[in-house]
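Reproduced below: target-v1.tsv, with TSV, C-alpha atoms and all ligand atoms.
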```tsv
chain	number	residue	atom	x	y	z
B	3	GLN	CA	37.30	26.03	-51.95
B	4	THR	CA	37.65	26.44	-48.17
B	5	GLU	CA	33.95	27.21	-47.87
B	6	PHE	CA	33.05	24.25	-50.05
B	7	ASN	CA	35.19	21.93	-47.89
B	8	GLU	CA	33.47	23.34	-44.81
B	9	ILE	CA	30.03	22.56	-46.27
B	10	LEU	CA	31.14	19.04	-47.16
B	11	LYS	CA	32.44	18.50	-43.63
B	12	GLN	CA	29.25	19.73	-42.04
B	13	ASN	CA	27.25	17.63	-44.44
B	14	ALA	CA	29.17	14.56	-43.37
B	15	LEU	CA	28.15	15.35	-39.81
B	16	VAL	CA	24.54	16.00	-40.84
B	17	LYS	CA	24.46	12.77	-42.88
B	18	LYS	CA	25.77	10.77	-39.97
B	19	SER	CA	23.30	12.44	-37.69
B	20	LEU	CA	20.34	11.67	-39.96
B	21	SER	CA	21.36	8.04	-40.33
B	22	GLN	CA	21.87	7.79	-36.55
B	23	ASP	CA	25.50	6.94	-37.23
B	24	LEU	CA	27.17	9.27	-34.74
B	25	VAL	CA	29.37	7.82	-31.99
B	26	ILE	CA	27.29	9.74	-29.44
B	27	PRO	CA	23.80	9.80	-31.03
B	28	ASP	CA	22.13	11.82	-28.26
B	29	PHE	CA	24.84	14.44	-27.93
B	30	ALA	CA	22.52	16.96	-26.25
B	31	SER	CA	21.76	14.63	-23.37
B	32	PHE	CA	25.46	13.67	-23.10
B	33	CYS	CA	26.36	17.35	-22.86
B	34	ARG	CA	23.80	17.91	-20.10
B	35	ASP	CA	25.54	15.22	-18.04
B	36	ILE	CA	28.96	16.70	-18.80
B	37	SER	CA	27.72	20.12	-17.76
B	38	SER	CA	26.45	18.92	-14.37
B	39	MET	CA	29.74	17.07	-13.71
B	40	PHE	CA	31.60	20.26	-14.62
B	41	THR	CA	29.49	22.30	-12.16
B	42	GLU	CA	30.11	19.78	-9.37
B	43	THR	CA	33.86	19.69	-10.07
B	44	LEU	CA	34.08	23.49	-10.13
B	45	LYS	CA	33.31	23.49	-6.38
B	46	ASN	CA	36.66	21.83	-5.66
B	47	GLU	CA	39.14	24.54	-4.70
B	48	LYS	CA	41.83	22.24	-3.36
B	49	GLY	CA	45.39	22.21	-4.62
B	50	LYS	CA	48.05	24.79	-5.39
B	51	VAL	CA	49.23	26.45	-8.58
B	52	ALA	CA	52.74	25.36	-9.66
B	53	ASP	CA	55.20	27.91	-8.33
B	54	TYR	CA	58.59	26.55	-9.36
B	55	ILE	CA	58.32	28.58	-12.56
B	56	PRO	CA	57.46	32.18	-11.47
B	57	GLN	CA	55.28	32.89	-14.53
B	58	LEU	CA	53.08	29.89	-13.79
B	59	ALA	CA	52.57	31.03	-10.20
B	60	ARG	CA	50.86	34.20	-11.44
B	61	VAL	CA	48.00	32.47	-13.25
B	62	ASN	CA	44.48	32.97	-11.84
B	63	PRO	CA	43.91	29.67	-10.01
B	64	ASP	CA	40.09	29.76	-10.24
B	65	GLN	CA	39.96	29.18	-13.98
B	66	PHE	CA	38.41	25.97	-15.25
B	67	ALA	CA	37.85	24.93	-18.84
B	68	LEU	CA	36.69	21.79	-20.58
B	69	SER	CA	36.20	20.95	-24.24
B	70	ILE	CA	35.14	17.82	-26.03
B	71	CYS	CA	35.53	16.82	-29.66
B	72	THR	CA	34.19	13.47	-30.86
B	73	VAL	CA	35.84	11.42	-33.60
B	74	ASP	CA	33.04	12.52	-35.90
B	75	GLY	CA	33.46	16.17	-35.04
B	76	GLN	CA	30.71	16.99	-32.52
B	77	ARG	CA	31.97	19.61	-30.07
B	78	TYR	CA	31.10	21.00	-26.68
B	79	SER	CA	32.90	23.45	-24.41
B	80	LEU	CA	32.42	24.85	-20.92
B	81	GLY	CA	34.06	27.51	-18.74
B	82	ASP	CA	37.25	29.30	-19.79
B	83	SER	CA	37.60	27.25	-22.95
B	84	GLY	CA	38.92	30.15	-25.03
B	85	VAL	CA	41.64	31.18	-22.56
B	86	ASN	CA	45.18	30.24	-23.55
B	87	PHE	CA	47.52	28.37	-21.20
B	88	CYS	CA	50.90	26.80	-21.83
B	89	LEU	CA	51.11	23.16	-22.70
B	90	GLN	CA	53.97	22.28	-20.35
B	91	SER	CA	54.22	18.49	-20.20
B	92	SER	CA	51.11	17.93	-22.25
B	93	CYS	CA	53.42	18.63	-25.23
B	94	LYS	CA	55.36	15.44	-24.50
B	95	PRO	CA	53.13	12.90	-26.29
B	96	ILE	CA	53.25	14.94	-29.49
B	97	ASN	CA	57.03	15.28	-29.46
B	98	TYR	CA	57.26	11.52	-28.97
B	99	CYS	CA	54.91	11.00	-31.96
B	100	LEU	CA	57.06	13.31	-34.09
B	101	ALA	CA	60.21	11.36	-33.22
B	102	LEU	CA	58.46	8.06	-33.98
B	103	GLU	CA	57.15	9.26	-37.33
B	104	GLU	CA	60.58	10.37	-38.35
B	105	LEU	CA	62.82	7.62	-37.05
B	106	GLY	CA	60.55	4.65	-36.32
B	107	GLU	CA	60.02	2.76	-33.09
B	108	LYS	CA	63.32	0.85	-33.06
B	109	LYS	CA	65.59	3.86	-33.40
B	110	VAL	CA	63.62	6.02	-30.97
B	111	HIS	CA	63.66	3.34	-28.30
B	112	ARG	CA	67.42	2.98	-28.52
B	113	HIS	CA	67.41	6.33	-26.72
B	114	VAL	CA	64.34	6.19	-24.49
B	115	GLY	CA	62.58	3.34	-22.65
B	116	ARG	CA	58.89	2.59	-22.25
B	117	GLU	CA	58.51	1.72	-18.57
B	118	PRO	CA	56.98	3.96	-15.93
B	119	SER	CA	59.71	5.37	-13.71
B	120	GLY	CA	57.63	5.20	-10.52
B	121	GLN	CA	59.24	8.50	-9.56
B	122	SER	CA	58.56	12.16	-10.03
B	123	PHE	CA	58.77	13.76	-13.48
B	124	ASN	CA	62.11	15.47	-12.86
B	125	GLU	CA	63.81	12.81	-10.74
B	126	LEU	CA	67.52	12.50	-11.41
B	127	THR	CA	67.33	8.92	-12.58
B	128	LEU	CA	67.84	6.80	-15.70
B	129	ASN	CA	67.02	3.14	-16.34
B	130	ALA	CA	69.49	0.24	-16.18
B	131	GLN	CA	70.56	0.94	-19.80
B	132	GLY	CA	71.42	4.53	-18.90
B	133	ILE	CA	68.53	6.03	-20.92
B	134	PRO	CA	65.36	7.77	-19.68
B	135	HIS	CA	62.56	5.49	-18.51
B	136	ASN	CA	59.97	6.90	-20.93
B	137	PRO	CA	59.19	9.94	-23.11
B	138	MET	CA	56.52	11.33	-20.74
B	139	ILE	CA	58.97	12.46	-18.03
B	140	ASN	CA	61.44	15.33	-18.38
B	141	ALA	CA	64.54	13.28	-19.27
B	142	GLY	CA	62.63	11.31	-21.91
B	143	ALA	CA	60.98	14.41	-23.30
B	144	MET	CA	64.35	16.14	-23.72
B	145	MET	CA	65.54	13.01	-25.48
B	146	ALA	CA	62.52	13.12	-27.82
B	147	CYS	CA	63.38	16.75	-28.58
B	148	SER	CA	66.94	15.75	-29.47
B	149	LEU	CA	65.51	13.28	-32.01
B	150	ILE	CA	63.05	15.56	-33.86
B	151	ASP	CA	64.24	16.83	-37.22
B	152	ARG	CA	67.85	16.75	-36.04
B	153	GLU	CA	69.39	17.47	-39.43
B	154	ASN	CA	67.73	20.88	-39.49
B	155	ASN	CA	68.46	24.15	-37.71
B	156	ILE	CA	66.67	24.91	-34.45
B	157	ALA	CA	64.28	27.47	-35.99
B	158	ASP	CA	63.01	24.96	-38.54
B	159	ARG	CA	62.72	22.29	-35.87
B	160	PHE	CA	60.52	24.53	-33.74
B	161	ASP	CA	58.50	25.42	-36.84
B	162	LYS	CA	57.85	21.75	-37.41
B	163	VAL	CA	56.48	21.31	-33.88
B	164	ASN	CA	54.33	24.44	-34.25
B	165	LYS	CA	52.94	23.30	-37.59
B	166	THR	CA	52.11	19.91	-36.15
B	167	TRP	CA	50.12	21.48	-33.30
B	168	LYS	CA	48.32	23.69	-35.80
B	169	ALA	CA	47.37	20.65	-37.88
B	170	LEU	CA	46.34	18.72	-34.77
B	171	CYS	CA	44.11	21.61	-33.66
B	172	GLY	CA	42.31	21.70	-37.00
B	173	GLY	CA	44.22	24.56	-38.61
B	174	LYS	CA	44.15	27.06	-35.75
B	175	ASP	CA	47.52	28.63	-34.93
B	176	VAL	CA	48.94	27.94	-31.49
B	177	SER	CA	50.77	30.74	-29.65
B	178	PHE	CA	54.00	30.98	-27.71
B	179	ASN	CA	54.52	32.46	-24.25
B	180	ASN	CA	57.98	34.00	-24.31
B	181	ALA	CA	57.85	34.99	-20.63
B	182	VAL	CA	57.20	31.38	-19.63
B	183	TYR	CA	60.02	30.24	-21.90
B	184	LEU	CA	62.50	32.70	-20.37
B	185	SER	CA	61.33	31.90	-16.86
B	186	GLU	CA	61.63	28.19	-17.57
B	187	ARG	CA	65.16	28.61	-18.91
B	188	GLN	CA	66.17	30.59	-15.85
B	189	THR	CA	64.97	27.93	-13.43
B	190	ALA	CA	66.25	24.91	-15.30
B	191	ASP	CA	69.05	23.59	-13.11
B	192	ARG	CA	67.39	20.22	-12.66
B	193	ASN	CA	66.75	19.80	-16.37
B	194	PHE	CA	70.38	20.73	-17.13
B	195	ALA	CA	71.52	18.22	-14.50
B	196	LEU	CA	69.36	15.54	-16.16
B	197	ALA	CA	70.74	16.38	-19.58
B	198	TYR	CA	74.38	16.22	-18.40
B	199	PHE	CA	73.64	12.93	-16.67
B	200	MET	CA	72.28	11.57	-19.96
B	201	ARG	CA	75.30	12.87	-21.85
B	202	GLU	CA	77.63	11.20	-19.37
B	203	LYS	CA	75.84	7.90	-20.12
B	204	ASN	CA	76.06	8.46	-23.91
B	205	ALA	CA	72.28	8.37	-24.07
B	206	PHE	CA	71.91	11.07	-26.78
B	207	PRO	CA	72.54	10.44	-30.46
B	208	GLU	CA	76.00	11.56	-31.59
B	209	LYS	CA	76.59	15.29	-32.09
B	210	THR	CA	73.66	16.40	-29.94
B	211	ASN	CA	73.92	20.03	-28.92
B	212	LEU	CA	72.83	19.99	-25.29
B	213	THR	CA	71.91	23.64	-24.79
B	214	GLU	CA	70.03	23.76	-28.07
B	215	THR	CA	68.11	20.61	-27.18
B	216	LEU	CA	67.15	21.98	-23.76
B	217	GLU	CA	66.04	25.30	-25.21
B	218	PHE	CA	63.97	23.46	-27.79
B	219	TYR	CA	62.34	21.48	-24.97
B	220	PHE	CA	61.57	24.67	-22.98
B	221	GLN	CA	60.09	26.25	-26.10
B	222	CYS	CA	57.80	23.27	-26.68
B	223	CYS	CA	56.59	23.52	-23.05
B	224	SER	CA	55.85	27.23	-23.61
B	225	ILE	CA	53.53	26.73	-26.58
B	226	GLU	CA	50.06	27.97	-25.69
B	227	SER	CA	46.56	27.05	-26.74
B	228	CYS	CA	43.08	26.72	-25.23
B	229	THR	CA	40.91	23.70	-24.46
B	230	TYR	CA	38.61	24.49	-27.40
B	231	ASP	CA	41.46	23.85	-29.85
B	232	LEU	CA	43.34	21.24	-27.85
B	233	SER	CA	40.26	19.00	-27.68
B	234	VAL	CA	40.64	18.58	-31.45
B	235	ALA	CA	44.25	17.48	-30.94
B	236	ALA	CA	43.06	14.95	-28.34
B	237	ALA	CA	40.31	13.82	-30.74
B	238	THR	CA	42.97	13.28	-33.44
B	239	LEU	CA	44.70	10.86	-31.09
B	240	ALA	CA	41.33	9.23	-30.34
B	241	ASN	CA	40.83	8.93	-34.11
B	242	ALA	CA	44.12	7.02	-34.70
B	243	GLY	CA	45.99	10.08	-36.00
B	244	THR	CA	43.43	11.49	-38.47
B	245	ASN	CA	42.06	14.92	-37.58
B	246	PRO	CA	38.27	14.48	-37.34
B	247	LEU	CA	37.58	18.03	-38.53
B	248	THR	CA	39.94	18.30	-41.50
B	249	GLY	CA	40.35	14.63	-42.42
B	250	ASP	CA	44.11	15.17	-42.55
B	251	VAL	CA	46.31	12.28	-41.49
B	252	ILE	CA	48.69	13.81	-38.95
B	253	PHE	CA	50.21	10.62	-37.54
B	254	GLN	CA	50.17	6.98	-38.60
B	255	SER	CA	47.91	4.79	-36.48
B	256	SER	CA	50.91	2.73	-35.25
B	257	THR	CA	52.50	5.93	-33.93
B	258	VAL	CA	49.31	6.83	-32.06
B	259	GLN	CA	49.02	3.29	-30.71
B	260	ASN	CA	52.51	3.56	-29.18
B	261	CYS	CA	51.81	7.02	-27.85
B	262	LEU	CA	48.51	6.10	-26.20
B	263	SER	CA	50.09	3.01	-24.61
B	264	LEU	CA	52.69	5.22	-22.95
B	265	MET	CA	50.13	7.88	-22.01
B	266	LEU	CA	48.18	5.14	-20.22
B	267	SER	CA	51.19	3.76	-18.33
B	268	CYS	CA	53.23	6.97	-17.79
B	269	GLY	CA	51.12	10.05	-18.60
B	270	MET	CA	50.06	11.21	-15.13
B	271	TYR	CA	53.41	11.43	-13.32
B	272	ASP	CA	53.68	9.02	-10.39
B	273	PHE	CA	49.90	8.81	-10.26
B	274	SER	CA	49.89	6.97	-13.60
B	275	GLY	CA	49.26	3.50	-12.17
B	276	GLU	CA	46.41	4.73	-10.01
B	277	PHE	CA	44.93	6.73	-12.91
B	278	ALA	CA	45.16	3.72	-15.26
B	279	PHE	CA	43.48	1.57	-12.61
B	280	LYS	CA	40.67	3.96	-11.78
B	281	ILE	CA	40.08	5.77	-15.07
B	282	GLY	CA	41.48	3.24	-17.56
B	283	LEU	CA	42.17	5.85	-20.26
B	284	PRO	CA	45.32	7.37	-21.81
B	285	ALA	CA	45.98	10.89	-20.54
B	286	LYS	CA	48.76	13.44	-20.18
B	287	SER	CA	48.97	16.23	-17.66
B	288	GLY	CA	51.16	19.31	-17.42
B	289	VAL	CA	52.12	21.57	-14.49
B	290	SER	CA	50.08	24.42	-15.99
B	291	GLY	CA	47.00	22.38	-15.00
B	292	ALA	CA	46.51	21.02	-18.50
B	293	LEU	CA	45.11	17.54	-19.04
B	294	LEU	CA	44.58	15.75	-22.34
B	295	LEU	CA	42.28	12.75	-22.11
B	296	VAL	CA	41.77	10.31	-24.97
B	297	ILE	CA	38.84	7.92	-25.28
B	298	PRO	CA	39.97	5.82	-28.25
B	299	ASN	CA	37.51	5.70	-31.16
B	300	LEU	CA	35.14	8.03	-29.32
B	301	MET	CA	36.44	11.47	-28.35
B	302	GLY	CA	39.23	13.69	-27.14
B	303	ILE	CA	38.82	15.85	-24.04
B	304	SER	CA	40.97	18.80	-23.03
B	305	ILE	CA	40.69	20.07	-19.46
B	306	TRP	CA	42.48	22.95	-17.80
B	307	SER	CA	42.45	24.08	-14.20
B	308	PRO	CA	45.67	25.42	-12.65
B	309	ARG	CA	45.42	24.11	-9.07
B	310	LEU	CA	47.57	20.98	-8.75
B	311	ASP	CA	47.70	18.10	-6.30
B	312	PRO	CA	51.02	17.20	-4.61
B	313	LEU	CA	51.98	14.96	-7.57
B	314	GLY	CA	51.53	17.79	-10.10
B	315	ASN	CA	48.18	16.84	-11.68
B	316	SER	CA	45.25	19.25	-11.99
B	317	VAL	CA	42.93	18.60	-9.02
B	318	ARG	CA	39.77	19.41	-10.95
B	319	GLY	CA	41.10	17.62	-14.03
B	320	VAL	CA	41.48	14.35	-12.13
B	321	GLU	CA	38.14	14.78	-10.33
B	322	PHE	CA	36.33	15.36	-13.62
B	323	CYS	CA	37.87	12.17	-15.08
B	324	GLU	CA	36.71	10.23	-12.03
B	325	ARG	CA	33.16	11.55	-12.39
B	326	LEU	CA	33.21	10.80	-16.12
B	327	VAL	CA	33.99	7.10	-15.74
B	328	GLU	CA	31.58	6.76	-12.82
B	329	ARG	CA	28.77	8.02	-15.06
B	330	PHE	CA	29.81	6.45	-18.41
B	331	SER	CA	31.46	3.11	-19.14
B	332	PHE	CA	34.52	4.68	-20.78
B	333	HIS	CA	37.09	2.73	-18.70
B	334	GLN	CA	38.78	0.57	-21.34
B	335	TYR	CA	38.71	-2.59	-19.28
Z	401	LIG	O1	60.58	20.66	-17.35
Z	401	LIG	C1	59.81	21.32	-16.69
Z	401	LIG	O2	60.03	21.59	-15.53
Z	401	LIG	C2	58.50	21.80	-17.27
Z	401	LIG	N1	58.64	22.69	-18.28
Z	401	LIG	C3	57.61	20.65	-17.65
Z	401	LIG	C4	56.87	20.40	-16.46
Z	401	LIG	C5	55.74	19.49	-16.52
Z	401	LIG	O3	54.64	19.83	-16.91
Z	401	LIG	C6	56.01	18.22	-15.82
Z	401	LIG	N2	56.15	17.11	-16.64
Z	401	LIG	N3	56.27	16.00	-16.72
```
Any chance you could put this one into structure tokens?
Amino acid sequence: QTEFNEILKQNALVKKSLSQDLVIPDFASFCRDISSMFTETLKNEKGKVADYIPQLARVNPDQFALSICTVDGQRYSLGDSGVNFCLQSSCKPINYCLALEELGEKKVHRHVGREPSGQSFNELTLNAQGIPHNPMINAGAMMACSLIDRENNIADRFDKVNKTWKALCGGKDVSFNNAVYLSERQTADRNFALAYFMREKNAFPEKTNLTETLEFYFQCCSIESCTYDLSVAAATLANAGTNPLTGDVIFQSSTVQNCLSLMLSCGMYDFSGEFAFKIGLPAKSGVSGALLLVIPNLMGISIWSPRLDPLGNSVRGVEFCERLVERFSFHQY
């Protein structure tokens, strides 16, 4: 049955190709352009690996990976695309989607806003209502974690997140970096401070276990995968929540619409406004050097390069995005 499904899937791609119905008809020439942009970007050795979590500081900074998956399933990868890295903050959009799917927009946004904070991702600040500004910064991401599957025990809740990533990546298991998790937990004073601040303001739903919520958040940040698989997750967001490889509906389109809106306005730390202006596409970065880029109705791109700029975004990741929209008219406006 699995083999048969595989043949059907490939046939769908072949059929589209024969009828010139693919979103990128000349994929070979597109990939040649992507490859030369990748080579140019590789020359950039600026930036510094995140060192506030000791395990992240030990990553080889020279690595660079890029993978593309179109909404009809054409794929292309370059560099270290099979090397695993931890998701860090690039897990935040998915946790927000999970909370939305479960509770709906109204309930979720009683606990988290949808405005950019204009400040760094771990700033000790809440909005005028005493809730986090948005789900893409630490406070908001911890809040999203407190909302996911809250009736269940913590093991099942983590399972749910894991299974969702697996489905987003087209059925490939994601891994978990326990050393990063432990390291993260040991250096979490700021996140604890943020959580206590939120508790003081009654921002959490009733009966939230603070330590459990924080540990759940650290665990989500410590999930690992590679750009080859994560590009499929990005493509699922580009495809309104339906995985382009498996055809499975992972999220409703309204959930993805909300998520992409917030990725556009808040996904790149306090560079989000500049990124939205210059690149005009929803994205989410993480301090591991991860970057998920979504070109709605066209493709998902996963980039990874550990050297970060002073705001915490991957230097090569941002440069590649700039080159991409210079060459192709992907800017949404
Ligand atoms: O909370 C932290 O410090 C990290 N685990 C997440 C860091 C990250 O990627 C920044 N995010 N917005």
Mind listing the residues within 9 Å of ligand LIG 401 (chain Z), only C-alpha atoms and all ligand atoms counted, as number ranges by chain?
B: 54-55, 89-94, 122-124, 138-141, 143-144, 182-183, 186-187, 189-190, 192-193, 219-224, 269-271, 286-292, 314-315
Would you mind exporting the chosen residues as a PDB file, in the frame of the given file, restricted to C-alpha atoms?
```pdb
ATOM      1  CA  TYR B  54      58.590  26.550  -9.360  1.00  0.00           C
ATOM      2  CA  ILE B  55      58.320  28.580 -12.560  1.00  0.00           C
ATOM      3  CA  LEU B  89      51.110  23.160 -22.700  1.00  0.00           C
ATOM      4  CA  GLN B  90      53.970  22.280 -20.350  1.00  0.00           C
ATOM      5  CA  SER B  91      54.220  18.490 -20.200  1.00  0.00           C
ATOM      6  CA  SER B  92      51.110  17.930 -22.250  1.00  0.00           C
ATOM      7  CA  CYS B  93      53.420  18.630 -25.230  1.00  0.00           C
ATOM      8  CA  LYS B  94      55.360  15.440 -24.500  1.00  0.00           C
ATOM      9  CA  SER B 122      58.560  12.160 -10.030  1.00  0.00           C
ATOM     10  CA  PHE B 123      58.770  13.760 -13.480  1.00  0.00           C
ATOM     11  CA  ASN B 124      62.110  15.470 -12.860  1.00  0.00           C
ATOM     12  CA  MET B 138      56.520  11.330 -20.740  1.00  0.00           C
ATOM     13  CA  ILE B 139      58.970  12.460 -18.030  1.00  0.00           C
ATOM     14  CA  ASN B 140      61.440  15.330 -18.380  1.00  0.00           C
ATOM     15  CA  ALA B 141      64.540  13.280 -19.270  1.00  0.00           C
ATOM     16  CA  ALA B 143      60.980  14.410 -23.300  1.00  0.00           C
ATOM     17  CA  MET B 144      64.350  16.140 -23.720  1.00  0.00           C
ATOM     18  CA  VAL B 182      57.200  31.380 -19.630  1.00  0.00           C
ATOM     19  CA  TYR B 183      60.020  30.240 -21.900  1.00  0.00           C
ATOM     20  CA  GLU B 186      61.630  28.190 -17.570  1.00  0.00           C
ATOM     21  CA  ARG B 187      65.160  28.610 -18.910  1.00  0.00           C
ATOM     22  CA  THR B 189      64.970  27.930 -13.430  1.00  0.00           C
ATOM     23  CA  ALA B 190      66.250  24.910 -15.300  1.00  0.00           C
ATOM     24  CA  ARG B 192      67.390  20.220 -12.660  1.00  0.00           C
ATOM     25  CA  ASN B 193      66.750  19.800 -16.370  1.00  0.00           C
ATOM     26  CA  TYR B 219      62.340  21.480 -24.970  1.00  0.00           C
ATOM     27  CA  PHE B 220      61.570  24.670 -22.980  1.00  0.00           C
ATOM     28  CA  GLN B 221      60.090  26.250 -26.100  1.00  0.00           C
ATOM     29  CA  CYS B 222      57.800  23.270 -26.680  1.00  0.00           C
ATOM     30  CA  CYS B 223      56.590  23.520 -23.050  1.00  0.00           C
ATOM     31  CA  SER B 224      55.850  27.230 -23.610  1.00  0.00           C
ATOM     32  CA  GLY B 269      51.120  10.050 -18.600  1.00  0.00           C
ATOM     33  CA  MET B 270      50.060  11.210 -15.130  1.00  0.00           C
ATOM     34  CA  TYR B 271      53.410  11.430 -13.320  1.00  0.00           C
ATOM     35  CA  LYS B 286      48.760  13.440 -20.180  1.00  0.00           C
ATOM     36  CA  SER B 287      48.970  16.230 -17.660  1.00  0.00           C
ATOM     37  CA  GLY B 288      51.160  19.310 -17.420  1.00  0.00           C
ATOM     38  CA  VAL B 289      52.120  21.570 -14.490  1.00  0.00           C
ATOM     39  CA  SER B 290      50.080  24.420 -15.990  1.00  0.00           C
ATOM     40  CA  GLY B 291      47.000  22.380 -15.000  1.00  0.00           C
ATOM     41  CA  ALA B 292      46.510  21.020 -18.500  1.00  0.00           C
ATOM     42  CA  GLY B 314      51.530  17.790 -10.100  1.00  0.00           C
ATOM     43  CA  ASN B 315      48.180  16.840 -11.680  1.00  0.00           C
TER      44      ASN B 315
END
```
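Between Val73 of chain B and the residues B:Thr238, B:Thr248, B:Ser316, B:Gln259, the shortest atom-to-atom distance, using all atoms listed in the file, involves B:Thr238.
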Closest-contact table, segment 143-185 of chain B side, partner segment 198-212 of chain B, 12 Å, counting all atoms listed in the file, as JSON lines:
```
{"residue": "B:Ala143", "atom": "CA", "partner": "B:Phe206", "partner_atom": "CA", "distance": 11.9}
{"residue": "B:Met144", "atom": "CA", "partner": "B:Leu212", "partner_atom": "CA", "distance": 9.4}
{"residue": "B:Met145", "atom": "CA", "partner": "B:Phe206", "partner_atom": "CA", "distance": 6.8}
{"residue": "B:Ala146", "atom": "CA", "partner": "B:Phe206", "partner_atom": "CA", "distance": 9.7}
{"residue": "B:Cys147", "atom": "CA", "partner": "B:Thr210", "partner_atom": "CA", "distance": 10.4}
{"residue": "B:Ser148", "atom": "CA", "partner": "B:Thr210", "partner_atom": "CA", "distance": 6.8}
{"residue": "B:Leu149", "atom": "CA", "partner": "B:Pro207", "partner_atom": "CA", "distance": 7.7}
{"residue": "B:Ile150", "atom": "CA", "partner": "B:Pro207", "partner_atom": "CA", "distance": 11.3}
{"residue": "B:Asp151", "atom": "CA", "partner": "B:Thr210", "partner_atom": "CA", "distance": 11.9}
{"residue": "B:Arg152", "atom": "CA", "partner": "B:Thr210", "partner_atom": "CA", "distance": 8.4}
{"residue": "B:Glu153", "atom": "CA", "partner": "B:Thr210", "partner_atom": "CA", "distance": 10.5}
{"residue": "B:Asn155", "atom": "CA", "partner": "B:Asn211", "partner_atom": "CA", "distance": 11.1}
{"residue": "B:Ile156", "atom": "CA", "partner": "B:Asn211", "partner_atom": "CA", "distance": 10.3}
```
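Taking atom CA of Ser233 of chain B as the reference point, atom CA of Ile303 of chain B is found at 5.0 Å.
Nearest to Pro118 of chain B of all the residues B:Ser38, B:Ser21, B:Ser79, B:Ser263 is B:Ser263, based on only C-alpha atoms.
Nearest to Leu102 of chain B of all the residues B:Asn299, B:Thr257, B:Gln22, B:Gln57 is B:Thr257, based on only C-alpha atoms.
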Contacts of Asp35 of chain B within 12 Å, only C-alpha atoms, excl. fewer than 2 positions in-chain, as a ChimeraX atom specification
/B:28-33,37-42,78,322,325-330
Export of prior selection with C-alpha atoms as a PDB file, in the frame of the given file:
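Writing done, so here's part_4.pdb:
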```pdb
ATOM      1  CA  ASP B  28      22.130  11.820 -28.260  1.00  0.00           C
ATOM      2  CA  PHE B  29      24.840  14.440 -27.930  1.00  0.00           C
ATOM      3  CA  ALA B  30      22.520  16.960 -26.250  1.00  0.00           C
ATOM      4  CA  SER B  31      21.760  14.630 -23.370  1.00  0.00           C
ATOM      5  CA  PHE B  32      25.460  13.670 -23.100  1.00  0.00           C
ATOM      6  CA  CYS B  33      26.360  17.350 -22.860  1.00  0.00           C
ATOM      7  CA  SER B  37      27.720  20.120 -17.760  1.00  0.00           C
ATOM      8  CA  SER B  38      26.450  18.920 -14.370  1.00  0.00           C
ATOM      9  CA  MET B  39      29.740  17.070 -13.710  1.00  0.00           C
ATOM     10  CA  PHE B  40      31.600  20.260 -14.620  1.00  0.00           C
ATOM     11  CA  THR B  41      29.490  22.300 -12.160  1.00  0.00           C
ATOM     12  CA  GLU B  42      30.110  19.780  -9.370  1.00  0.00           C
ATOM     13  CA  TYR B  78      31.100  21.000 -26.680  1.00  0.00           C
ATOM     14  CA  PHE B 322      36.330  15.360 -13.620  1.00  0.00           C
ATOM     15  CA  ARG B 325      33.160  11.550 -12.390  1.00  0.00           C
ATOM     16  CA  LEU B 326      33.210  10.800 -16.120  1.00  0.00           C
ATOM     17  CA  VAL B 327      33.990   7.100 -15.740  1.00  0.00           C
ATOM     18  CA  GLU B 328      31.580   6.760 -12.820  1.00  0.00           C
ATOM     19  CA  ARG B 329      28.770   8.020 -15.060  1.00  0.00           C
ATOM     20  CA  PHE B 330      29.810   6.450 -18.410  1.00  0.00           C
TER      21      PHE B 330
END
```
Take atom CA of Leu232 of chain B and atom CA of Gly75 of chain B and report the distance between them in Å, one decimal.
13.2 Å
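Shortest separation to Lys174 of chain B among B:Ala278, B:Leu247, B:Val51, B:Ala197 occurs at residue B:Leu247, atoms counted being only C-alpha atoms.
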Pick from B:Ser119, B:Asn97, B:Thr215, B:Asn46 nearest to Leu310 of chain B, counting only C-alpha atoms:
B:Asn46
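Those residues that approach segment 272-275 of chain B to within 7 Å, counting all atoms listed in the file, are B:Gly120, B:Gln121, B:Ser122, B:Ser267, B:Leu313; same-chain residues fewer than 5 positions away are not listed.
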Could you tell me how far atom CA of Asn136 of chain B lies from atom CA of Lys109 of chain B, in Å and to one decimal?
14.0 Å
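The residue set within 9 Å of Asp175 of chain B, counting only C-alpha atoms and dropping same-chain residues fewer than 4 places from it, reads Asn164, Lys165, Trp167, Lys168, Ala169, Cys171 and Ser227 of chain B.
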Long-range neighbours of Tyr230 of chain B as a list in words, 9 Å cut-off, all atoms listed in the file, 3 positions minimum in chain:
Ala67, Leu68, Ser69, Ile70, Cys71, Arg77, Tyr78, Ser79, Leu80, Ser83, Gly84, Val85, Cys171, Ser227, Ser233, Val234 and Ser304 of chain B
Please produce a file of those selected residues containing C-alpha atoms, as a short mmCIF file (atom, residue, chain, number, x, y, z; two decimals), in the coordinates of the input.
```
data_model
loop_
_atom_site.label_atom_id
_atom_site.label_comp_id
_atom_site.auth_asym_id
_atom_site.auth_seq_id
_atom_site.Cartn_x
_atom_site.Cartn_y
_atom_site.Cartn_z
CA ALA B 67 37.85 24.93 -18.84
CA LEU B 68 36.69 21.79 -20.58
CA SER B 69 36.20 20.95 -24.24
CA ILE B 70 35.14 17.82 -26.03
CA CYS B 71 35.53 16.82 -29.66
CA ARG B 77 31.97 19.61 -30.07
CA TYR B 78 31.10 21.00 -26.68
CA SER B 79 32.90 23.45 -24.41
CA LEU B 80 32.42 24.85 -20.92
CA SER B 83 37.60 27.25 -22.95
CA GLY B 84 38.92 30.15 -25.03
CA VAL B 85 41.64 31.18 -22.56
CA CYS B 171 44.11 21.61 -33.66
CA SER B 227 46.56 27.05 -26.74
CA SER B 233 40.26 19.00 -27.68
CA VAL B 234 40.64 18.58 -31.45
CA SER B 304 40.97 18.80 -23.03
#
```
